[in-house]
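**Student:** Just one file: query.csv, with CSV, C-alpha atoms.
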```csv
chain,number,residue,atom,x,y,z
A,1,MET,CA,18.2,15.4,29.8
A,2,THR,CA,16.2,16.5,26.8
A,3,GLU,CA,12.8,15.0,26.4
A,4,ASN,CA,11.8,13.7,23.0
A,5,PRO,CA,8.0,13.0,23.2
A,6,GLU,CA,6.3,11.3,20.3
A,7,HIS,CA,4.0,14.2,19.9
A,8,THR,CA,4.7,17.8,20.7
A,9,PRO,CA,1.8,20.1,21.6
A,10,GLU,CA,2.5,22.2,18.5
A,11,ARG,CA,1.9,19.3,16.1
A,12,THR,CA,-1.5,19.1,14.4
A,13,VAL,CA,-2.6,15.8,12.8
A,14,THR,CA,-4.6,16.4,9.7
A,15,VAL,CA,-7.4,14.0,8.8
A,16,VAL,CA,-9.8,13.2,6.0
A,17,LEU,CA,-13.0,11.3,6.8
A,18,VAL,CA,-14.4,8.7,4.4
A,19,ASP,CA,-17.8,7.2,5.2
A,20,ASP,CA,-21.1,6.9,3.2
A,21,HIS,CA,-23.2,7.9,6.2
A,22,PRO,CA,-23.4,11.7,6.7
A,23,VAL,CA,-24.3,11.3,10.4
A,24,VAL,CA,-21.1,9.3,11.0
A,25,ARG,CA,-19.0,11.9,9.2
A,26,ASP,CA,-20.7,14.7,11.2
A,27,GLY,CA,-20.1,12.9,14.4
A,28,LEU,CA,-16.4,12.2,13.6
A,29,ARG,CA,-15.9,15.8,12.4
A,30,GLY,CA,-17.4,17.1,15.7
A,31,MET,CA,-15.1,14.8,17.8
A,32,PHE,CA,-11.9,15.8,16.0
A,33,THR,CA,-12.8,19.4,15.7
A,34,ALA,CA,-13.3,19.6,19.5
A,35,GLU,CA,-10.1,17.8,20.3
A,36,PRO,CA,-6.9,19.8,20.3
A,37,GLY,CA,-4.2,18.6,18.0
A,38,PHE,CA,-6.5,17.6,15.1
A,39,GLU,CA,-7.7,19.2,11.9
A,40,VAL,CA,-10.3,17.7,9.6
A,41,LEU,CA,-9.4,18.8,6.0
A,42,GLY,CA,-12.1,17.1,4.1
A,43,GLU,CA,-14.7,14.3,3.7
A,44,ALA,CA,-15.8,11.8,1.1
A,45,ALA,CA,-18.8,9.5,0.8
A,46,ASN,CA,-17.1,6.7,-1.0
A,47,GLY,CA,-13.7,5.4,-2.0
A,48,VAL,CA,-13.6,6.9,-5.5
A,49,ASP,CA,-14.3,10.4,-4.1
A,50,ALA,CA,-11.8,9.8,-1.4
A,51,LEU,CA,-9.0,9.6,-3.9
A,52,GLY,CA,-9.7,13.1,-5.1
A,53,VAL,CA,-10.1,14.6,-1.6
A,54,VAL,CA,-6.8,13.0,-0.4
A,55,GLY,CA,-5.1,14.2,-3.5
A,56,ARG,CA,-6.2,17.8,-2.9
A,57,HIS,CA,-5.6,18.0,0.8
A,58,ASP,CA,-2.7,15.6,1.4
A,59,PRO,CA,-3.7,14.7,5.0
A,60,ASP,CA,-1.6,12.8,7.6
A,61,VAL,CA,-4.4,10.2,8.1
A,62,VAL,CA,-7.4,8.9,6.3
A,63,LEU,CA,-10.2,7.4,8.4
A,64,MET,CA,-11.6,4.9,5.9
A,65,ASP,CA,-14.9,2.9,6.0
A,66,LEU,CA,-14.9,-0.3,3.9
A,67,ARG,CA,-18.3,-1.0,2.5
A,68,MET,CA,-19.6,2.0,0.6
A,69,PRO,CA,-21.8,2.4,-2.4
A,70,GLY,CA,-20.0,3.9,-5.3
A,71,GLY,CA,-16.6,2.7,-4.3
A,72,GLY,CA,-15.4,0.5,-1.4
A,73,GLY,CA,-12.6,1.2,1.0
A,74,VAL,CA,-10.2,-1.6,0.1
A,75,ALA,CA,-9.9,-0.6,-3.5
A,76,ALA,CA,-9.3,3.0,-2.4
A,77,ILE,CA,-6.6,1.9,0.0
A,78,ALA,CA,-4.9,-0.1,-2.7
A,79,GLU,CA,-5.0,2.8,-5.1
A,80,LEU,CA,-3.6,5.3,-2.6
A,81,ALA,CA,-0.8,2.9,-2.0
A,82,ARG,CA,-0.2,2.6,-5.7
A,83,ARG,CA,-0.1,6.3,-6.1
A,84,GLY,CA,2.4,6.6,-3.2
A,85,ALA,CA,0.1,8.8,-1.1
A,86,ARG,CA,1.8,10.2,2.0
A,87,ALA,CA,-1.4,9.7,4.0
A,88,LYS,CA,-1.7,6.7,6.4
A,89,VAL,CA,-5.0,4.9,6.1
A,90,LEU,CA,-6.8,3.8,9.3
A,91,VAL,CA,-9.8,1.7,8.7
A,92,LEU,CA,-12.8,2.5,10.9
A,93,THR,CA,-15.7,0.2,10.3
A,94,THR,CA,-18.4,-1.9,11.9
A,95,TYR,CA,-17.1,-5.0,10.1
A,96,ASP,CA,-14.5,-7.4,11.6
A,97,THR,CA,-15.2,-10.5,9.5
A,98,ASP,CA,-12.3,-12.5,8.0
A,99,SER,CA,-13.2,-11.3,4.5
A,100,ASP,CA,-12.9,-7.6,5.6
A,101,THR,CA,-9.9,-7.4,7.8
A,102,LEU,CA,-7.1,-9.1,5.8
A,103,PRO,CA,-7.8,-7.5,2.4
A,104,ALA,CA,-7.7,-4.0,4.0
A,105,ILE,CA,-4.4,-4.7,5.7
A,106,GLU,CA,-2.9,-6.3,2.6
A,107,ALA,CA,-4.1,-3.3,0.5
A,108,GLY,CA,-1.9,-1.1,2.6
A,109,ALA,CA,-4.0,0.1,5.6
A,110,THR,CA,-1.8,1.1,8.6
A,111,GLY,CA,-4.4,-0.1,11.1
A,112,TYR,CA,-8.0,-1.3,11.6
A,113,LEU,CA,-10.4,-0.2,14.3
A,114,LEU,CA,-14.1,-0.9,14.9
A,115,LYS,CA,-16.6,2.0,15.2
A,116,ASP,CA,-17.4,1.1,18.8
A,117,ALA,CA,-13.8,2.0,19.9
A,118,PRO,CA,-13.7,4.5,22.7
A,119,ARG,CA,-13.1,8.1,21.8
A,120,GLU,CA,-9.6,8.2,23.4
A,121,GLU,CA,-8.6,5.0,21.7
A,122,LEU,CA,-9.6,6.5,18.3
A,123,PHE,CA,-7.6,9.6,19.0
A,124,ALA,CA,-4.6,7.6,20.1
A,125,ALA,CA,-4.9,5.4,17.0
A,126,VAL,CA,-5.0,8.4,14.6
A,127,ARG,CA,-1.9,9.9,16.3
A,128,ALA,CA,-0.1,6.5,16.1
A,129,ALA,CA,-1.1,6.1,12.4
A,130,ALA,CA,0.3,9.6,11.7
A,131,ASP,CA,3.6,8.4,13.1
A,132,GLY,CA,3.6,5.4,10.8
A,133,ARG,CA,2.8,2.9,13.6
A,134,SER,CA,0.5,0.0,13.1
A,135,VAL,CA,-2.8,0.1,15.0
A,136,LEU,CA,-4.9,-3.1,15.4
A,137,SER,CA,-7.7,-3.4,17.9
A,138,PRO,CA,-7.7,-6.7,19.9
A,139,ALA,CA,-11.0,-7.9,18.3
A,140,VAL,CA,-9.6,-7.3,14.8
A,141,ALA,CA,-6.3,-8.9,15.8
A,142,SER,CA,-8.2,-12.1,16.7
A,143,ARG,CA,-10.0,-12.1,13.4
A,144,LEU,CA,-6.9,-11.4,11.4
A,145,MET,CA,-5.0,-14.1,13.3
A,146,THR,CA,-7.5,-16.8,12.2
A,147,ARG,CA,-7.4,-15.5,8.6
A,148,VAL,CA,-3.6,-15.5,8.2
A,149,ARG,CA,-3.2,-18.9,9.8
A,150,THR,CA,-3.1,-21.2,6.7
A,151,PRO,CA,-1.2,-24.4,5.8
A,152,ALA,CA,0.9,-22.4,3.4
A,153,ALA,CA,2.4,-20.4,6.2
A,154,ALA,CA,5.9,-21.1,7.4
A,155,PRO,CA,6.0,-24.2,9.6
A,156,ALA,CA,5.7,-23.6,13.3
A,157,ASP,CA,9.0,-25.4,13.9
A,158,THR,CA,10.8,-22.5,12.2
A,159,PRO,CA,11.4,-20.4,15.3
A,160,LEU,CA,12.3,-16.7,15.4
A,161,SER,CA,15.8,-15.9,16.5
A,162,ALA,CA,16.2,-14.0,19.8
A,163,ARG,CA,16.8,-10.8,17.9
A,164,GLU,CA,13.8,-11.4,15.7
A,165,ARG,CA,11.6,-11.9,18.7
A,166,GLU,CA,13.0,-8.6,20.2
A,167,VAL,CA,12.1,-6.8,16.9
A,168,LEU,CA,8.6,-8.3,16.8
A,169,VAL,CA,7.9,-7.3,20.4
A,170,LEU,CA,8.8,-3.7,19.6
A,171,VAL,CA,6.7,-3.8,16.4
A,172,ALA,CA,3.7,-5.0,18.6
A,173,ARG,CA,4.2,-1.9,20.7
A,174,GLY,CA,3.9,0.3,17.7
A,175,THR,CA,7.6,1.2,17.5
A,176,THR,CA,8.9,2.5,14.1
A,177,ASN,CA,11.9,1.1,12.3
A,178,ARG,CA,14.0,4.1,13.3
A,179,GLU,CA,13.0,3.7,17.0
A,180,ILE,CA,13.7,-0.1,16.9
A,181,ALA,CA,17.1,0.6,15.4
A,182,ALA,CA,17.9,3.1,18.2
A,183,GLU,CA,16.5,0.7,20.9
A,184,LEU,CA,18.6,-2.2,19.7
A,185,PHE,CA,21.6,-0.3,18.6
A,186,ILE,CA,21.4,-1.5,15.0
A,187,SER,CA,20.8,0.1,11.7
A,188,GLU,CA,17.4,0.7,10.1
A,189,ALA,CA,18.6,-1.6,7.2
A,190,THR,CA,19.2,-4.4,9.7
A,191,VAL,CA,15.8,-3.8,11.2
A,192,LYS,CA,14.2,-4.2,7.7
A,193,THR,CA,16.2,-7.4,7.2
A,194,HIS,CA,14.9,-8.8,10.4
A,195,LEU,CA,11.4,-7.9,9.5
A,196,THR,CA,11.8,-9.7,6.1
A,197,HIS,CA,12.9,-12.8,7.9
A,198,ILE,CA,10.1,-12.5,10.5
A,199,PHE,CA,7.4,-12.1,7.7
A,200,ALA,CA,8.9,-15.2,5.9
A,201,LYS,CA,8.9,-17.4,9.0
A,202,LEU,CA,5.4,-16.4,10.1
A,203,GLY,CA,4.0,-16.6,6.6
A,204,THR,CA,2.8,-12.9,6.7
A,205,LYS,CA,3.2,-9.9,4.4
A,206,ASP,CA,3.2,-7.0,6.8
A,207,ARG,CA,3.7,-5.8,10.4
A,208,ALA,CA,0.1,-6.0,11.5
A,209,ALA,CA,-0.3,-9.6,10.3
A,210,ALA,CA,3.0,-10.6,11.9
A,211,VAL,CA,1.9,-9.2,15.2
A,212,ALA,CA,-1.4,-11.1,15.0
A,213,VAL,CA,0.4,-14.4,14.2
A,214,GLY,CA,2.9,-13.6,16.9
A,215,TYR,CA,0.1,-13.5,19.5
A,216,ASP,CA,-1.4,-16.7,18.1
A,217,ARG,CA,1.8,-18.7,18.4
A,218,GLY,CA,2.6,-17.4,21.8
A,219,ILE,CA,5.7,-15.5,20.7
A,220,LEU,CA,4.2,-12.2,22.1
A,221,GLY,CA,2.5,-13.8,25.1
```
Let's see the structure in the file written out as structure tokens.
**Tutor:**
Amino acid sequence: MTENPEHTPERTVTVVLVDDHPVVRDGLRGMFTAEPGFEVLGEAANGVDALGVVGRHDPDVVLMDLRMPGGGGVAAIAELARRGARAKVLVLTTYDTDSDTLPAIEAGATGYLLKDAPREELFAAVRAAADGRSVLSPAVASRLMTRVRTPAAAPADTPLSAREREVLVLVARGTTNREIAAELFISEATVKTHLTHIFAKLGTKDRAAAVAVGYDRGILG
């Protein structure tokens, strides 16, 4: 049997660091430089400068702070998405308030972690983000859950189908659309259709928010 690991030892994940505190950037650079499998391509002190750095270096992942003088993270995330940047954005911040979490996710962030996350959790999150998998720390999921739970959301008596529940469970595990298709023996187009229905029923716009609501409603346990 041929193994197909998510990450081979030969793969190097390239990273750009965006934070207005030089000490934080120095600390992150030191961590990732010392860890095999990562390469820091550049740094920026605000969201505006980040656009140029990402454009020049085309990293796999951008570690993005949110509140920065001279250009915040949410605006930068939205602009990178508008430009069709290949890089996945992983928010790394001290803020987990309602007003911070959802705008970042809606702007196009792949995931959201707090700066007190353990080193190994951060490394794993960056690798997951590079693979296109959503990353959401439990604390942030709780915040996001309360923010997306609004009266305008789909009514709770609109249940997910058995197949939609299966898809949502796999999404919560960080599984990509291609992997879901292989796991359930369906096409990627069918996976996307199920996700569209899931988002509509849960009143969400993306995978991370759907997972948060899934936990809130007990669909994911």
**Student:** What is the distance between CA of Arg25 in chain A and CA of Ala81 in chain A, in Å to one decimal?
**Tutor:** 23.2 Å
**Student:** Work out how far apart CA of Pro59 in chain A and CA of Ala182 in chain A are and give it in Å to one decimal.
**Tutor:** 27.8 Å
**Student:** For Ala45 in chain A, which residue among A:Ala212, A:Lys192, A:His21, A:Lys88 is the nearest when counting all atoms listed in the file?
**Tutor:**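 Among A:Ala212, A:Lys192, A:His21, A:Lys88, it is A:His21 that comes nearest to Ala45 in chain A.
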**Student:** Using all atoms listed in the file, which of A:Arg163, A:Ala130, A:Ile198, A:Ala44 sits nearest Ile186 in chain A?
**Tutor:**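 With all atoms listed in the file as the atom set, the closest residue is A:Arg163.
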**Student:** Using only C-alpha atoms, which of A:Pro22, A:Gly132, A:Gly111, A:Gly214 sits nearest Pro159 in chain A?
**Tutor:** A:Gly214
**Student:** Rounded to one decimal in Å, what is the spacing between CA of Leu220 in chain A and CA of Thr190 in chain A?
**Tutor:**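 Separation of CA of Leu220 in chain A and CA of Thr190 in chain A: 21.0 Å.
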**Student:** Do a neighbour search on range 13-19 of chain A at 9 Å with all atoms listed in the file, toss out local chain neighbours closer than 5 positions, and write the hits as a PyMOL selection string.
**Tutor:** chain A and resi 24-25+28-29+32+37-47+49-50+53-54+57-68+73+87+92-93+126-127+130
**Student:** What's the 12 Å shell around range 170-177 of chain A, counting only C-alpha atoms, without same-chain residues fewer than 4 positions away, as number ranges by chain?
**Tutor:** A: 6, 110-111, 124-125, 127-138, 141, 163-166, 181-195, 198, 206-215, 219-221
